[in-house]
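The structure file entry_20.cif is reproduced below (mmCIF, C-alpha atoms).
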```
data_protein
loop_
_atom_site.label_atom_id
_atom_site.label_comp_id
_atom_site.auth_asym_id
_atom_site.auth_seq_id
_atom_site.Cartn_x
_atom_site.Cartn_y
_atom_site.Cartn_z
CA MET A 1 124.02 78.70 72.11
CA ASP A 2 126.57 79.21 74.85
CA ASP A 3 125.82 79.53 78.55
CA ARG A 4 126.28 83.31 78.65
CA ALA A 5 123.81 83.88 75.79
CA LEU A 6 121.24 81.61 77.43
CA ALA A 7 121.70 83.39 80.78
CA ASP A 8 121.11 86.72 79.03
CA ARG A 9 117.97 85.28 77.46
CA LEU A 10 116.70 84.19 80.89
CA VAL A 11 117.14 87.78 82.12
CA THR A 12 115.06 88.95 79.15
CA TYR A 13 112.34 86.42 80.03
CA ALA A 14 112.34 87.64 83.64
CA ASP A 15 111.96 91.26 82.50
CA ALA A 16 109.14 90.28 80.15
CA SER A 17 107.34 88.40 82.94
CA VAL A 18 107.51 91.48 85.17
CA ALA A 19 106.20 93.67 82.34
CA VAL A 20 103.27 91.31 81.67
CA PHE A 21 102.31 91.27 85.33
CA PHE A 22 102.68 95.03 85.72
CA LEU A 23 100.45 95.65 82.70
CA GLY A 24 97.89 93.18 84.04
CA ALA A 25 97.85 94.84 87.46
CA ALA A 26 97.62 98.27 85.83
CA GLY A 27 94.68 97.01 83.76
CA VAL A 28 92.91 95.75 86.87
CA SER A 29 93.58 99.08 88.61
CA ASN A 30 92.26 100.98 85.62
CA ALA A 31 89.15 98.80 85.49
CA ILE A 32 88.52 99.33 89.20
CA MET A 33 88.78 103.09 88.83
CA SER A 34 86.64 103.17 85.67
CA ALA A 35 82.97 104.01 86.18
CA ASP A 36 81.86 101.38 83.63
CA THR A 37 83.35 98.35 85.39
CA HIS A 38 83.68 99.67 88.93
CA CYS A 39 80.57 98.02 90.39
CA SER A 40 81.15 94.57 88.95
CA LEU A 41 84.77 94.43 90.11
CA VAL A 42 84.04 95.82 93.56
CA ASN A 43 81.16 93.38 94.04
CA GLY A 44 83.39 90.47 93.02
CA PHE A 45 86.35 91.65 95.07
CA ARG A 46 87.37 88.27 96.42
CA PRO A 47 87.93 86.51 93.09
CA VAL A 48 89.71 89.56 91.67
CA SER A 49 91.95 89.90 94.71
CA VAL A 50 92.72 86.20 95.03
CA GLY A 51 93.36 85.90 91.30
CA LEU A 52 95.76 88.82 91.32
CA LEU A 53 97.67 87.46 94.32
CA ILE A 54 97.84 83.98 92.79
CA PHE A 55 99.13 85.51 89.56
CA ALA A 56 101.76 87.45 91.56
CA SER A 57 102.81 84.21 93.27
CA ILE A 58 103.15 82.40 89.95
CA ILE A 59 105.19 85.23 88.44
CA SER A 60 107.40 85.32 91.57
CA PHE A 61 107.99 81.59 91.29
CA ILE A 62 108.92 82.02 87.61
CA LEU A 63 111.29 84.88 88.46
CA ILE A 64 113.01 82.89 91.22
CA THR A 65 113.34 79.85 88.95
CA LEU A 66 114.78 81.92 86.10
CA ARG A 67 117.25 83.52 88.52
CA ARG A 68 118.41 80.11 89.77
CA TRP A 69 118.90 78.90 86.21
CA GLN A 70 120.79 82.08 85.35
CA LEU A 71 123.13 81.65 88.33
CA ASP A 72 123.61 77.99 87.45
CA LEU A 73 124.59 78.88 83.88
CA LEU A 74 127.00 81.56 85.08
CA ALA A 75 128.54 79.43 87.83
CA GLY A 76 131.70 78.81 85.81
CA THR A 77 132.34 82.47 85.11
CA ARG A 78 133.26 85.00 87.71
CA GLY A 79 131.87 88.51 87.37
CA SER A 80 132.99 91.55 89.25
CA LYS A 81 131.63 92.18 92.72
CA LYS A 82 129.79 95.24 91.41
CA SER A 83 128.04 93.31 88.63
CA GLU A 84 126.99 90.57 91.05
CA THR A 85 125.60 93.18 93.46
CA TYR A 86 123.65 94.93 90.71
CA SER A 87 122.34 91.63 89.37
CA ARG A 88 121.07 90.66 92.83
CA ARG A 89 119.48 94.08 93.32
CA LEU A 90 117.75 93.89 89.94
CA HIS A 91 116.27 90.53 90.93
CA VAL A 92 114.93 92.04 94.16
CA VAL A 93 113.55 95.05 92.25
CA ARG A 94 111.68 92.74 89.87
CA LEU A 95 110.00 91.04 92.83
CA VAL A 96 109.22 94.41 94.43
CA ILE A 97 107.59 95.60 91.20
CA VAL A 98 105.42 92.46 91.03
CA TRP A 99 104.27 92.57 94.64
CA GLY A 100 104.09 96.36 94.81
CA SER A 101 101.80 96.54 91.80
CA ALA A 102 99.67 93.66 93.15
CA ILE A 103 99.28 95.37 96.53
CA LEU A 104 98.62 98.72 94.89
CA ALA A 105 95.91 97.26 92.62
CA ASP A 106 94.35 95.51 95.59
CA GLY A 107 94.55 98.76 97.57
CA PHE A 108 92.64 100.54 94.79
CA ARG A 109 89.99 97.86 95.03
CA LEU A 110 89.72 98.28 98.79
CA ALA A 111 89.56 102.07 98.49
CA ALA A 112 86.83 101.93 95.86
#
```

What does this structure look like when you write it as structure tokens?
Amino acid sequence: MDDRALADRLVTYADASVAVFFLGAAGVSNAIMSADTHCSLVNGFRPVSVGLLIFASIISFILITLRRWQLDLLAGTRGSKKSETYSRRLHVVRLVIVWGSAILADGFRLAA
């Protein structure tokens, strides 16, 4: 496997990590808003909140590590300025999705 193919695979792993976290945060939000599990999650708000924020930190660390590896693999090739800008913005958007969904899920818990 060449460096470009591996860098593309790392981008796929980063996207999958964001999707897994987003689905997990959406599941927690859904559980908080559901009448069946509302009381147990609201009563145990600290472990749920801390767990979600720790999970967001782990996913962020994974995303940053994958990005560094991707840039290291692509160091020999030079992309256009536009592609580098979009790649950097996509990395930031991934982190925003992770932390935005974590804060939103925690906000649902606080509002409940």

### Shell of 7 Å around region 108-112 of chain A, all atoms listed in the file, local chain residues under 3 positions omitted, as a PyMOL selection string
chain A and resi 29+32+42+104-105

Q) Any chance you could work out the residue set of the PyMOL selection byres ((chain A and resi 55) around 12) here, as a list in words? A) Ser17, Val18, Val20, Phe21, Phe22, Gly24, Ala25, Pro47, Val48, Ser49, Val50, Gly51, Leu52, Leu53, Ile54, Ala56, Ser57, Ile58, Ile59, Ser60, Phe61, Ile62, Val98, Trp99, Ser101 and Ala102 of chain A

Taken to one decimal, the CA of Thr77 (chain A)-CA of Arg4 (chain A) distance is 8.9 Å

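Minimum atom-to-atom distances from A:Phe45, A:Ser34, A:Gln70, A:Ser87 to Leu10 (chain A) were compared using only C-alpha atoms, and the lowest value belongs to A:Gln70.
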
Counting only C-alpha atoms, closest pick from A:Gly44, A:Asp8, A:Arg67, A:Ala35 relative to Arg89 (chain A) is A:Arg67

Expressed in Å, the length from CA of Thr85 (chain A) to CA of Ile103 (chain A) is 26.6 Å

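We find CA of Gly79 (chain A) and CA of Asp3 (chain A) to be spaced 14.0 Å apart.
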
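Using only C-alpha atoms, the nearest neighbour of His91 (chain A) within the list A:Leu71, A:Val28, A:Met1, A:Leu23 is A:Leu71.
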
With all atoms listed in the file as the counted atoms, please give the residues lying no more than 12 Å from Leu90 (chain A), apart from itself and same-chain residues fewer than 4 positions off, as an MDAnalysis selection string. chainID A and resid 11 14:15 18 63 67 83:86 94:97

Please enclose the listed atoms of region 56-62 of chain A in an axis-aligned box, pad each side by 8 Å, and write out the centre and the three edge lengths in Å, rounded to one decimal, as AutoDock Vina command-line options.
```
--center_x 105.3 --center_y 84.5 --center_z 90.4 --size_x 23.2 --size_y 21.9 --size_z 21.7
```

Could you pull region 41-68 of chain A out of the block above and give me N, CA and C atoms, as a CSV table (one decimal), in the first residue's frame?
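Result saved to out30.csv:
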```csv
chain,number,residue,atom,x,y,z
A,41,LEU,N,-31.3,8.2,34.0
A,41,LEU,CA,-30.2,9.0,33.5
A,41,LEU,C,-30.0,10.4,34.2
A,42,VAL,N,-31.1,11.0,34.5
A,42,VAL,CA,-31.1,12.3,35.1
A,42,VAL,C,-30.5,12.2,36.6
A,43,ASN,N,-30.9,11.1,37.2
A,43,ASN,CA,-30.4,10.8,38.6
A,43,ASN,C,-28.9,10.5,38.6
A,44,GLY,N,-28.5,9.9,37.6
A,44,GLY,CA,-27.0,9.6,37.5
A,44,GLY,C,-26.3,10.5,36.5
A,45,PHE,N,-26.6,11.8,36.6
A,45,PHE,CA,-26.1,12.7,35.6
A,45,PHE,C,-24.6,12.9,35.6
A,46,ARG,N,-24.0,12.8,36.8
A,46,ARG,CA,-22.5,12.9,36.8
A,46,ARG,C,-21.8,11.8,36.0
A,47,PRO,N,-22.1,10.6,36.2
A,47,PRO,CA,-21.3,9.5,35.4
A,47,PRO,C,-21.6,9.6,33.9
A,48,VAL,N,-22.9,9.9,33.6
A,48,VAL,CA,-23.2,10.1,32.2
A,48,VAL,C,-22.5,11.2,31.5
A,49,SER,N,-22.5,12.4,32.2
A,49,SER,CA,-21.8,13.6,31.7
A,49,SER,C,-20.3,13.4,31.6
A,50,VAL,N,-19.7,12.9,32.7
A,50,VAL,CA,-18.3,12.6,32.7
A,50,VAL,C,-17.9,11.6,31.6
A,51,GLY,N,-18.7,10.5,31.5
A,51,GLY,CA,-18.4,9.5,30.5
A,51,GLY,C,-18.4,10.0,29.1
A,52,LEU,N,-19.4,10.9,28.8
A,52,LEU,CA,-19.6,11.4,27.5
A,52,LEU,C,-18.4,12.4,27.2
A,53,LEU,N,-18.0,13.2,28.2
A,53,LEU,CA,-16.9,14.1,27.9
A,53,LEU,C,-15.6,13.4,27.8
A,54,ILE,N,-15.4,12.3,28.6
A,54,ILE,CA,-14.2,11.5,28.4
A,54,ILE,C,-14.1,10.8,27.1
A,55,PHE,N,-15.3,10.3,26.6
A,55,PHE,CA,-15.4,9.7,25.3
A,55,PHE,C,-15.1,10.7,24.2
A,56,ALA,N,-15.6,12.0,24.4
A,56,ALA,CA,-15.3,13.0,23.4
A,56,ALA,C,-13.8,13.3,23.4
A,57,SER,N,-13.1,13.3,24.5
A,57,SER,CA,-11.7,13.6,24.6
A,57,SER,C,-10.9,12.5,23.9
A,58,ILE,N,-11.3,11.3,24.1
A,58,ILE,CA,-10.6,10.1,23.5
A,58,ILE,C,-10.8,10.2,22.0
A,59,ILE,N,-12.0,10.5,21.5
A,59,ILE,CA,-12.2,10.6,20.1
A,59,ILE,C,-11.4,11.8,19.5
A,60,SER,N,-11.4,12.9,20.2
A,60,SER,CA,-10.6,14.0,19.7
A,60,SER,C,-9.1,13.7,19.6
A,61,PHE,N,-8.6,13.0,20.6
A,61,PHE,CA,-7.2,12.5,20.6
A,61,PHE,C,-6.9,11.6,19.4
A,62,ILE,N,-7.9,10.7,19.1
A,62,ILE,CA,-7.7,9.8,18.0
A,62,ILE,C,-7.8,10.6,16.7
A,63,LEU,N,-8.7,11.6,16.6
A,63,LEU,CA,-8.8,12.4,15.4
A,63,LEU,C,-7.5,13.2,15.1
A,64,ILE,N,-6.9,13.8,16.2
A,64,ILE,CA,-5.7,14.6,16.1
A,64,ILE,C,-4.5,13.7,15.7
A,65,THR,N,-4.5,12.5,16.3
A,65,THR,CA,-3.4,11.6,15.9
A,65,THR,C,-3.5,11.1,14.5
A,66,LEU,N,-4.7,10.8,14.0
A,66,LEU,CA,-4.9,10.4,12.6
A,66,LEU,C,-4.6,11.5,11.7
A,67,ARG,N,-4.9,12.7,12.0
A,67,ARG,CA,-4.5,13.9,11.2
A,67,ARG,C,-3.0,14.0,11.1
A,68,ARG,N,-2.3,13.9,12.2
A,68,ARG,CA,-0.9,14.0,12.2
A,68,ARG,C,-0.2,12.9,11.3
```
